[in-house]
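Pasting target.cif here (mmCIF, C-alpha atoms):
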data_protein
#
loop_
_atom_site.label_atom_id
_atom_site.label_comp_id
_atom_site.auth_asym_id
_atom_site.auth_seq_id
_atom_site.Cartn_x
_atom_site.Cartn_y
_atom_site.Cartn_z
CA MET A 1 -24.40 37.63 68.07
CA LYS A 2 -23.75 36.63 71.67
CA ARG A 3 -20.78 34.26 71.93
CA PHE A 4 -21.22 30.56 72.52
CA ASN A 5 -19.11 27.45 72.67
CA VAL A 6 -19.69 24.51 70.33
CA ILE A 7 -18.95 20.87 71.05
CA VAL A 8 -18.77 18.55 68.04
CA PRO A 9 -19.30 14.89 69.02
CA LEU A 10 -18.34 12.34 66.37
CA THR A 11 -20.41 9.40 67.60
CA LEU A 12 -23.92 8.88 68.90
CA LYS A 13 -22.56 7.53 72.19
CA GLU A 14 -20.55 10.69 72.71
CA LEU A 15 -23.60 12.83 71.94
CA LEU A 16 -25.79 10.95 74.45
CA LYS A 17 -23.16 11.34 77.15
CA LEU A 18 -22.92 15.07 76.48
CA LYS A 19 -26.71 15.44 76.51
CA SER A 20 -27.00 13.55 79.78
CA ARG A 21 -24.32 15.78 81.33
CA TYR A 22 -25.50 19.15 80.00
CA LYS A 23 -29.27 18.49 79.82
CA ASP A 24 -31.01 21.79 78.96
CA LYS A 25 -27.82 23.78 79.49
CA ALA A 26 -26.66 22.88 75.98
CA ARG A 27 -28.68 23.33 72.83
CA ILE A 28 -28.41 20.86 69.98
CA ILE A 29 -27.73 22.38 66.59
CA ALA A 30 -28.10 20.41 63.36
CA GLY A 31 -28.27 22.25 60.02
CA GLY A 32 -28.57 25.57 61.85
CA THR A 33 -31.08 27.14 59.48
CA ASP A 34 -33.50 27.91 62.34
CA ASN A 35 -31.17 28.11 65.35
CA LEU A 36 -28.52 30.39 63.86
CA VAL A 37 -31.11 32.77 62.46
CA ARG A 38 -32.55 33.21 65.96
CA TRP A 39 -29.16 33.33 67.67
CA LYS A 40 -28.00 36.07 65.31
CA ASP A 41 -30.90 38.11 66.69
CA ASN A 42 -29.63 37.23 70.18
CA ILE A 43 -32.73 35.14 70.85
CA GLY A 44 -32.15 31.96 72.85
CA VAL A 45 -28.36 31.89 72.41
CA PRO A 46 -27.04 29.01 74.55
CA ASP A 47 -23.71 29.07 76.38
CA THR A 48 -22.95 25.75 74.80
CA ALA A 49 -24.19 24.27 71.56
CA ILE A 50 -23.75 20.65 70.52
CA SER A 51 -23.35 20.31 66.77
CA ILE A 52 -24.52 16.88 65.61
CA MET A 53 -23.74 17.07 61.90
CA LYS A 54 -20.59 14.95 62.14
CA ILE A 55 -22.37 11.90 63.56
CA LYS A 56 -22.62 9.30 60.80
CA GLU A 57 -25.12 7.12 62.66
CA LEU A 58 -27.77 9.82 62.33
CA LYS A 59 -27.49 10.23 58.57
CA ALA A 60 -28.90 7.00 57.14
CA ILE A 61 -32.10 6.32 55.19
CA ASN A 62 -33.14 2.66 55.25
CA LYS A 63 -35.93 0.23 54.49
CA LYS A 64 -36.43 -2.80 56.68
CA GLY A 65 -39.46 -4.88 55.73
CA ASN A 66 -42.25 -2.34 55.37
CA THR A 67 -40.63 0.22 57.66
CA ILE A 68 -38.76 3.22 56.33
CA SER A 69 -36.31 4.99 58.64
CA ILE A 70 -34.76 8.40 58.19
CA GLY A 71 -31.92 9.55 60.45
CA ALA A 72 -32.35 12.86 62.26
CA THR A 73 -29.62 14.73 60.40
CA CYS A 74 -30.72 13.75 56.90
CA THR A 75 -31.12 17.00 55.01
CA PHE A 76 -34.17 17.87 52.93
CA THR A 77 -31.99 17.34 49.84
CA ASP A 78 -30.94 13.88 51.11
CA ILE A 79 -34.64 13.02 51.33
CA ILE A 80 -35.51 14.51 47.93
CA GLU A 81 -32.68 12.51 46.34
CA SER A 82 -33.41 9.26 48.22
CA LYS A 83 -34.72 6.44 46.01
CA ILE A 84 -36.27 4.79 49.06
CA VAL A 85 -38.27 7.84 50.16
CA ASN A 86 -39.31 8.66 46.59
CA LYS A 87 -40.66 5.16 46.20
CA TYR A 88 -42.23 4.56 49.62
CA GLY A 89 -42.86 7.97 51.16
CA SER A 90 -43.30 10.29 48.21
CA VAL A 91 -45.57 12.63 50.19
CA LEU A 92 -42.55 13.59 52.30
CA VAL A 93 -40.51 14.31 49.17
CA GLN A 94 -43.32 16.56 47.90
CA ALA A 95 -43.13 18.59 51.11
CA CYS A 96 -39.31 18.75 51.25
CA ARG A 97 -39.26 20.24 47.75
CA GLU A 98 -41.34 23.18 49.03
CA ILE A 99 -38.96 24.09 51.85
CA GLY A 100 -36.78 27.21 51.62
CA ALA A 101 -34.53 27.24 48.57
CA VAL A 102 -31.75 24.92 47.41
CA GLN A 103 -29.20 26.35 49.87
CA ILE A 104 -31.54 25.79 52.83
CA ARG A 105 -32.63 22.33 51.68
CA ASN A 106 -28.96 21.33 51.40
CA VAL A 107 -28.31 21.89 55.11
CA GLY A 108 -31.66 21.94 56.95
CA THR A 109 -32.49 18.59 58.53
CA ILE A 110 -35.67 16.63 59.17
CA GLY A 111 -34.74 16.15 62.84
CA GLY A 112 -34.23 19.89 63.19
CA ASN A 113 -37.56 20.63 61.55
CA ILE A 114 -39.26 18.34 64.09
CA ALA A 115 -37.30 19.54 67.14
CA ASN A 116 -38.01 23.14 66.19
CA ALA A 117 -41.69 22.22 66.64
CA SER A 118 -43.07 25.07 64.58
CA PRO A 119 -46.79 24.72 63.73
CA ALA A 120 -45.60 25.75 60.25
CA GLY A 121 -42.84 23.11 59.96
CA ASP A 122 -43.26 21.69 56.47
CA THR A 123 -42.12 18.11 57.12
CA ILE A 124 -44.61 17.64 59.94
CA PRO A 125 -47.92 17.40 57.98
CA PRO A 126 -46.52 14.64 55.71
CA LEU A 127 -45.12 12.79 58.73
CA MET A 128 -48.55 13.05 60.36
CA VAL A 129 -50.37 11.55 57.39
CA LEU A 130 -47.72 8.81 57.23
CA ASN A 131 -48.43 8.05 60.93
CA ALA A 132 -44.71 8.41 61.55
CA LYS A 133 -43.05 7.65 64.86
CA ILE A 134 -40.21 9.69 66.29
CA LYS A 135 -37.51 7.59 67.89
CA VAL A 136 -35.91 9.43 70.77
CA ILE A 137 -32.99 8.11 72.77
CA SER A 138 -30.97 8.93 75.85
CA LEU A 139 -28.14 7.10 77.60
CA LYS A 140 -30.72 5.22 79.66
CA ARG A 141 -33.63 4.51 77.37
CA SER A 142 -35.13 4.69 73.93
CA ARG A 143 -38.77 5.24 73.02
CA GLU A 144 -40.88 5.67 69.91
CA ILE A 145 -43.45 8.45 70.03
CA PRO A 146 -46.27 8.80 67.48
CA ILE A 147 -45.76 12.18 65.84
CA THR A 148 -49.34 13.12 66.72
CA GLU A 149 -48.29 12.97 70.40
CA PHE A 150 -44.89 14.60 70.03
CA PHE A 151 -45.80 18.29 70.04
CA THR A 152 -47.36 20.10 72.98
CA GLY A 153 -47.41 23.64 71.58
CA PRO A 154 -45.45 26.06 69.40
CA GLY A 155 -41.76 25.23 69.95
CA LYS A 156 -42.68 22.62 72.58
CA THR A 157 -42.30 18.86 72.49
CA VAL A 158 -42.34 15.90 74.88
CA LEU A 159 -38.54 15.51 74.52
CA LYS A 160 -36.88 15.20 77.92
CA SER A 161 -33.74 17.13 78.71
CA ASP A 162 -31.41 14.15 78.25
CA GLU A 163 -33.06 12.88 75.06
CA ILE A 164 -32.29 13.47 71.41
CA ILE A 165 -34.19 12.64 68.23
CA GLU A 166 -32.53 9.64 66.60
CA GLY A 167 -34.77 9.33 63.59
CA ILE A 168 -38.18 8.98 62.01
CA TYR A 169 -39.93 5.70 61.22
CA PHE A 170 -43.00 5.09 59.07
CA GLN A 171 -44.74 2.31 57.17
CA LYS A 172 -44.32 2.49 53.42
CA MET A 173 -47.11 3.96 51.32
CA GLU A 174 -48.94 1.56 49.03
CA LYS A 175 -48.22 1.69 45.34
CA ASP A 176 -51.53 3.23 44.31
CA ASP A 177 -51.73 5.72 47.17
CA LYS A 178 -52.07 9.29 45.95
CA SER A 179 -50.81 12.21 47.95
CA PHE A 180 -50.62 15.98 47.98
CA PHE A 181 -48.73 18.70 49.83
CA LEU A 182 -49.91 22.25 49.25
CA LYS A 183 -48.69 25.35 51.00
CA ILE A 184 -49.41 29.03 50.82
CA GLY A 185 -46.67 31.55 51.42
CA PRO A 186 -45.84 35.08 50.27
CA ARG A 187 -43.69 33.64 47.48
CA ARG A 188 -42.82 30.19 46.22
CA ALA A 189 -39.28 30.00 47.60
CA GLN A 190 -37.93 30.86 51.06
CA ALA A 191 -41.42 31.13 52.51
CA ILE A 192 -42.59 30.01 55.92
CA SER A 193 -46.07 28.57 55.41
CA LYS A 194 -49.07 30.74 56.18
CA VAL A 195 -51.01 27.50 55.89
CA SER A 196 -49.90 24.05 54.70
CA SER A 197 -51.99 21.02 53.91
CA CYS A 198 -51.21 17.42 53.24
CA GLY A 199 -53.03 14.21 52.50
CA ILE A 200 -52.84 10.62 51.34
CA VAL A 201 -55.83 8.95 49.71
CA ARG A 202 -56.30 5.26 49.01
CA LEU A 203 -59.27 4.56 46.70
CA ASP A 204 -60.88 1.20 46.02
CA ARG A 205 -61.78 -0.14 42.59
CA ASN A 206 -65.04 1.82 42.60
CA LYS A 207 -63.25 5.07 43.43
CA ARG A 208 -64.56 4.95 46.95
CA VAL A 209 -62.30 6.23 49.73
CA LYS A 210 -60.80 3.15 51.35
CA LYS A 211 -58.44 5.16 53.56
CA VAL A 212 -57.61 8.82 53.85
CA TRP A 213 -55.18 10.74 56.05
CA LEU A 214 -55.27 14.54 56.22
CA ALA A 215 -53.23 17.17 58.08
CA LEU A 216 -53.03 20.95 58.29
CA GLY A 217 -50.10 23.12 59.33
CA ALA A 218 -50.05 26.63 60.83
CA VAL A 219 -53.75 26.65 61.77
CA ALA A 220 -53.39 25.57 65.42
CA PRO A 221 -50.69 25.53 68.15
CA THR A 222 -49.34 22.35 66.56
CA VAL A 223 -49.80 20.70 63.18
CA ILE A 224 -53.14 18.85 63.31
CA ARG A 225 -54.57 15.64 61.88
CA LEU A 226 -58.15 15.96 60.64
CA ASN A 227 -59.54 12.74 62.12
CA LYS A 228 -63.18 13.82 61.98
CA LEU A 229 -62.92 14.73 58.34
CA GLU A 230 -61.13 11.46 57.57
CA ASP A 231 -64.04 9.57 59.20
CA TYR A 232 -66.54 11.59 57.20
CA LEU A 233 -64.80 10.75 53.91
CA GLN A 234 -64.58 7.03 54.65
CA ASN A 235 -66.28 4.92 51.92
CA LYS A 236 -67.40 7.99 50.00
CA VAL A 237 -66.90 8.75 46.35
CA ILE A 238 -65.31 12.19 46.11
CA THR A 239 -67.84 14.29 44.24
CA ASP A 240 -68.31 18.04 44.01
CA ALA A 241 -70.88 17.96 46.81
CA ILE A 242 -68.51 15.99 49.06
CA LEU A 243 -65.67 18.38 48.24
CA GLN A 244 -67.83 21.32 49.24
CA GLN A 245 -68.59 19.70 52.62
CA THR A 246 -64.92 18.78 53.03
CA GLN A 247 -63.82 22.36 52.51
CA LYS A 248 -66.31 23.57 55.11
CA GLN A 249 -65.26 20.91 57.64
CA ALA A 250 -61.53 21.53 57.18
CA SER A 251 -62.10 25.21 57.73
CA LEU A 252 -64.12 24.53 60.90
CA LEU A 253 -61.41 22.25 62.31
CA SER A 254 -58.84 25.05 61.94
CA ILE A 255 -58.24 27.26 64.96
CA PRO A 256 -55.58 29.65 63.69
CA ILE A 257 -54.24 32.90 65.09
CA SER A 258 -53.31 36.18 63.42
CA ASP A 259 -49.59 36.93 63.40
CA ILE A 260 -46.93 38.58 61.23
CA ARG A 261 -47.49 36.09 58.45
CA SER A 262 -51.25 36.07 58.07
CA THR A 263 -54.63 36.60 59.70
CA ALA A 264 -56.81 34.05 61.43
CA GLU A 265 -59.66 34.69 58.99
CA TYR A 266 -57.51 34.10 55.92
CA ARG A 267 -55.90 31.01 57.38
CA LYS A 268 -59.25 29.47 58.31
CA HIS A 269 -60.60 30.07 54.84
CA ILE A 270 -57.52 28.93 52.94
CA ALA A 271 -57.16 25.78 55.07
CA GLY A 272 -60.48 24.57 53.66
CA VAL A 273 -59.53 25.60 50.15
CA LEU A 274 -56.20 23.74 50.26
CA ILE A 275 -57.69 20.49 51.55
CA ARG A 276 -60.39 20.70 48.89
CA ARG A 277 -57.85 21.49 46.18
CA GLY A 278 -55.63 18.61 47.23
CA LEU A 279 -58.44 16.08 47.23
CA GLU A 280 -59.70 17.45 43.93
CA MET A 281 -56.27 16.88 42.40
CA ILE A 282 -55.80 13.30 43.54
CA GLY A 283 -59.10 11.72 44.48
CA LYS A 284 -61.97 13.16 42.50
CA ALA A 285 -64.23 10.68 40.78
CA MET B 1 -13.29 31.43 74.97
CA ASP B 2 -10.71 29.20 73.30
CA LYS B 3 -10.16 29.16 69.59
CA VAL B 4 -10.67 25.92 67.69
CA LYS B 5 -8.29 24.52 65.09
CA ILE B 6 -9.99 23.46 61.86
CA GLU B 7 -8.45 21.77 58.81
CA PHE B 8 -10.35 21.83 55.56
CA LYS B 9 -9.99 22.56 51.85
CA VAL B 10 -10.82 25.85 50.21
CA ASN B 11 -10.61 26.08 46.43
CA ASN B 12 -8.57 22.89 46.35
CA LYS B 13 -6.00 24.14 48.85
CA GLU B 14 -5.56 22.69 52.33
CA VAL B 15 -6.02 25.35 54.98
CA ILE B 16 -5.61 25.23 58.73
CA ILE B 17 -7.27 27.99 60.70
CA GLU B 18 -7.85 28.81 64.31
CA THR B 19 -11.13 30.52 64.97
CA TYR B 20 -13.85 30.99 67.56
CA PRO B 21 -16.58 28.36 67.85
CA TRP B 22 -19.41 30.79 67.06
CA LYS B 23 -17.86 31.84 63.75
CA THR B 24 -19.61 30.98 60.51
CA LEU B 25 -18.04 29.78 57.28
CA LEU B 26 -18.76 33.22 55.83
CA GLY B 27 -16.84 34.91 58.65
CA VAL B 28 -13.90 32.56 58.21
CA LEU B 29 -13.75 33.09 54.44
CA ARG B 30 -13.87 36.88 54.66
CA ASP B 31 -12.08 37.66 57.93
CA GLU B 32 -9.55 34.87 58.29
CA LEU B 33 -8.81 33.87 54.70
CA GLY B 34 -9.32 37.23 52.98
CA LEU B 35 -11.69 35.69 50.43
CA THR B 36 -14.02 38.67 50.18
CA GLY B 37 -15.65 37.63 46.90
CA THR B 38 -18.32 35.89 48.99
CA LYS B 39 -20.70 38.62 50.20
CA GLU B 40 -22.79 39.04 53.30
CA GLY B 41 -26.27 40.27 52.47
CA CYS B 42 -28.90 39.43 55.08
CA GLY B 43 -26.79 37.09 57.21
CA LYS B 44 -29.87 34.91 57.73
CA GLY B 45 -30.09 32.58 54.77
CA GLU B 46 -32.68 34.61 52.88
CA CYS B 47 -30.70 36.36 50.14
CA GLY B 48 -28.07 33.91 48.89
CA ALA B 49 -25.31 36.53 48.46
CA CYS B 50 -23.03 34.31 50.59
CA THR B 51 -23.61 31.14 48.53
CA VAL B 52 -20.61 28.81 48.28
CA ILE B 53 -20.32 25.13 47.42
CA LEU B 54 -19.76 22.85 50.41
CA ASN B 55 -18.97 19.21 49.58
CA GLY B 56 -20.59 19.65 46.18
CA ARG B 57 -23.77 21.39 47.34
CA ALA B 58 -24.72 25.08 47.34
CA VAL B 59 -25.13 26.46 50.87
CA ASN B 60 -25.59 29.80 52.59
CA SER B 61 -22.14 30.23 54.17
CA CYS B 62 -23.69 32.62 56.73
CA LEU B 63 -25.57 29.67 58.28
CA VAL B 64 -22.76 27.11 58.43
CA LEU B 65 -20.78 26.86 61.65
CA ALA B 66 -17.05 26.84 60.95
CA VAL B 67 -16.49 24.03 63.48
CA ASN B 68 -18.40 21.71 61.16
CA LEU B 69 -15.90 22.27 58.33
CA GLU B 70 -13.28 19.81 59.56
CA GLY B 71 -12.39 17.62 56.57
CA CYS B 72 -14.79 19.41 54.21
CA GLU B 73 -14.26 20.90 50.77
CA VAL B 74 -15.37 24.45 50.06
CA LEU B 75 -15.48 26.13 46.68
CA THR B 76 -15.90 29.90 46.50
CA ILE B 77 -16.19 32.39 43.66
CA GLU B 78 -12.40 32.81 43.81
CA GLY B 79 -11.95 29.12 43.06
CA ILE B 80 -13.88 28.72 39.83
CA SER B 81 -11.79 30.90 37.52
CA GLN B 82 -8.52 29.46 36.30
CA LYS B 83 -5.26 31.32 35.75
CA ASN B 84 -6.95 34.70 35.61
CA LYS B 85 -9.43 33.40 33.07
CA LEU B 86 -13.07 33.80 34.01
CA HIS B 87 -15.24 30.70 34.31
CA PRO B 88 -17.68 30.27 31.39
CA ILE B 89 -20.57 31.16 33.71
CA GLN B 90 -18.83 34.43 34.61
CA GLU B 91 -18.08 35.11 30.92
CA SER B 92 -21.72 34.56 30.14
CA PHE B 93 -22.86 36.96 32.89
CA VAL B 94 -20.58 39.63 31.41
CA LYS B 95 -21.68 38.97 27.84
CA LYS B 96 -25.40 39.00 28.68
CA GLY B 97 -25.18 42.05 30.95
CA ALA B 98 -26.53 40.02 33.84
CA ILE B 99 -24.84 42.28 36.38
CA GLN B 100 -25.80 45.70 37.66
CA CYS B 101 -24.55 46.58 41.13
CA GLY B 102 -22.85 43.19 41.30
CA PHE B 103 -23.45 42.41 44.96
CA CYS B 104 -25.56 39.32 44.31
CA THR B 105 -23.37 38.15 41.43
CA PRO B 106 -20.89 35.87 43.25
CA GLY B 107 -23.75 34.03 44.97
CA MET B 108 -25.74 33.85 41.75
CA VAL B 109 -22.73 32.42 39.89
CA MET B 110 -22.13 29.82 42.60
CA SER B 111 -25.78 28.71 42.52
CA ALA B 112 -25.53 28.45 38.74
CA TYR B 113 -22.28 26.50 39.12
CA ALA B 114 -23.92 24.01 41.50
CA LEU B 115 -26.81 23.57 39.07
CA LEU B 116 -24.62 23.01 36.01
CA GLN B 117 -22.45 20.51 37.89
CA LYS B 118 -25.39 18.10 38.08
CA ASN B 119 -27.54 19.25 35.18
CA LYS B 120 -25.70 20.10 31.97
CA ASN B 121 -28.77 21.30 30.13
CA PRO B 122 -31.25 22.83 32.56
CA SER B 123 -34.64 24.19 31.51
CA ILE B 124 -35.67 27.76 32.33
CA GLU B 125 -37.79 26.36 35.17
CA GLU B 126 -34.85 24.43 36.57
CA ILE B 127 -32.67 27.54 36.41
CA LYS B 128 -35.32 29.55 38.26
CA GLU B 129 -35.54 26.83 40.91
CA ALA B 130 -31.73 26.81 41.32
CA ILE B 131 -31.54 30.58 41.91
CA ALA B 132 -34.78 30.90 43.92
CA GLY B 133 -32.63 31.40 47.02
CA ASN B 134 -30.63 34.24 45.46
CA LEU B 135 -32.09 37.72 45.57
CA CYS B 136 -31.16 40.41 43.04
CA ARG B 137 -32.65 43.85 43.64
CA CYS B 138 -31.39 45.39 40.36
CA THR B 139 -31.91 43.23 37.32
CA GLY B 140 -35.29 41.56 37.41
CA TYR B 141 -33.56 38.19 36.82
CA THR B 142 -34.24 37.84 33.08
CA LYS B 143 -30.65 38.44 32.01
CA ILE B 144 -29.30 36.27 34.81
CA ILE B 145 -31.47 33.38 33.63
CA GLU B 146 -30.39 33.99 30.02
CA ALA B 147 -26.75 34.05 31.09
CA ILE B 148 -27.04 30.71 32.88
CA LYS B 149 -28.87 29.19 29.91
CA GLU B 150 -26.12 30.49 27.60
CA ALA B 151 -23.36 29.14 29.85
CA ALA B 152 -24.93 25.68 29.69
CA LYS B 153 -24.51 25.56 25.92
#
Would you mind writing the file out in structure tokens?
Amino acid sequence: MKRFNVIVPLTLKELLKLKSRYKDKARIIAGGTDNLVRWKDNIGVPDTAISIMKIKELKAINKKGNTISIGATCTFTDIIESKIVNKYGSVLVQACREIGAVQIRNVGTIGGNIANASPAGDTIPPLMVLNAKIKVISLKRSREIPITEFFTGPGKTVLKSDEIIEGIYFQKMEKDDKSFFLKIGPRRAQAISKVSSCGIVRLDRNKRVKKVWLALGAVAPTVIRLNKLEDYLQNKVITDAILQQTQKQASLLSIPISDIRSTAEYRKHIAGVLIRRGLEMIGKA
Amino acid sequence: MDKVKIEFKVNNKEVIIETYPWKTLLGVLRDELGLTGTKEGCGKGECGACTVILNGRAVNSCLVLAVNLEGCEVLTIEGISQKNKLHPIQESFVKKGAIQCGFCTPGMVMSAYALLQKNKNPSIEEIKEAIAGNLCRCTGYTKIIEAIKEAAK
């Protein structure tokens, strides 16, 4: 591995100052489960890395009114073990359980998963169906960006060179909301998703779809929300015929590529299957 | 590049080391502290051979930057036996024949240790989940799972 220096700020203020001084010349490293793997292959090794794992302000999970906040350096295990997220954002817990293996979940962070901006990032589909906002801050300003507007392509985001991800904010799920997270990989553990799918369904008393949010990962340059399909399902009872249409639509909305992990044809097909399977599990009449 | 001074605990002993900023916990354990029980398999967090316990949680030591260790507690395979007596998990691995070449064993034992610390009576499924990040290319896992189950008794 090419050599690099590491700076370890202990406070958020210190981090923001460093980021404003170094801009793109320094790379932020959180859990390191993506960065270090690449750097060990001598890909993208920075001269200077800023390790943010010692900053306490970025580690908290809170509920304020109906808003849940998760600090950028919360690990997947922190989220899985959080009473707040289990109660109010269980779809995110479902996804975190499917990431890597215990050792990866214990150090990998939600902020890192977002900053890495992989179309296959497993926390992104649940954050999309939760309509989460990413809070980014710099020395000068702070802004909240809807996660649907955060990614511009594989590995690319709207983050400016002096900004860092402070945390994730979303409105709590309702008590009767049902959700699913399904992914396909070569094996159950340690797998980067070939395709991932996620959804929340809110049914009314007559089992009609009152609200539905759906997302697919690894079938486009970024994770995508399936707005058209959500509109189609509005006010419908989920029957076999509807499920069949849903599968077809989800497949059509997928624009995947072939790469080392899978082929475009398989991804397109399985995207439809996963959305259908998820809705079948949680919403079928 | 300058070395960095880091103070942390390994196997309940305070250590102070000076190392380079790009070094990983695995590198520090093996090269600076001579604790070679922790193995390097893939070096990329896939195989689990380098598993140690960091502040109570199992981690791949190959993916932890040493500079983050300041004030932390690390437990390695060398730290779980007491006075030359094997830990019950190790005893159980021996008894059940859960070892062939042995390269994955330290990591496997540490993952099992982390599991049994928070779950005294894990199911087979929970054991499988706990060692899903540890590859063994010899045994086929059955005896390892049996050994962990036995150690929990």
- Query: Expanded to explicit residues, what is the PyMOL selection byres ((chain A) within 12 of (chain B)) for this file, as a VMD selection string?
  - Reply: chain A and resid 1 to 10 29 to 41 45 to 55 75 77 to 78 97 to 108 187 to 192
List as a short mmCIF file (atom, residue, chain, number, x, y, z; two decimals) with C-alpha atoms, in the coordinates of the input the protein and nucleic acid residues near Glu73 of chain B, meaning an atom at most 7 Å away when all atoms listed in the file are counted, but skip any in the same chain fewer than 4 places from it.
data_model
loop_
_atom_site.label_atom_id
_atom_site.label_comp_id
_atom_site.auth_asym_id
_atom_site.auth_seq_id
_atom_site.Cartn_x
_atom_site.Cartn_y
_atom_site.Cartn_z
CA PHE B 8 -10.35 21.83 55.56
CA LYS B 9 -9.99 22.56 51.85
CA VAL B 10 -10.82 25.85 50.21
CA LEU B 54 -19.76 22.85 50.41
CA ASN B 55 -18.97 19.21 49.58
#
- Which polymer residues have any atom within 9 Å of an atom of Ser262 of chain A, counting all atoms listed in the file, with same-chain residues fewer than 4 positions away left out, as a PyMOL selection string? chain A and resi 194-195+257-258+266-267
- Item | Who sits within 9 Å of Ser20 of chain A, only C-alpha atoms, same chain under 4 positions skipped, as a list of chain:residue names | A:Leu15, A:Leu16, A:Ser138, A:Leu139, A:Ser161, A:Asp162, A:Glu163
- Item | 8 Å contact set for Pro122 of chain B, all atoms listed in the file, chain neighbours under 5 positions out, as number ranges by chain | B: 115-116, 127, 149, 152
- Message: I'd like the residues picked by the PyMOL selection byres ((chain B and resi 94) around 12) written out as a ChimeraX atom specification, using the chain letters and numbers from the file.
- Response: /B:86-93,95-100,102,105,109,143-144,146-148,150-151
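Atom pair atom CA of Ala264 of chain A / atom CA of Gly185 of chain A has a distance of 14.5 Å (rounded to one decimal).
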- Message: Would you pick out the contacts of Ala117 of chain A at 12 Å or less, using all atoms listed in the file, so that residues sharing its chain but fewer than 4 positions from it are not included, and give the list as a ChimeraX atom specification?
- Response: /A:34,110-113,121-125,147-159,217-218,221-223
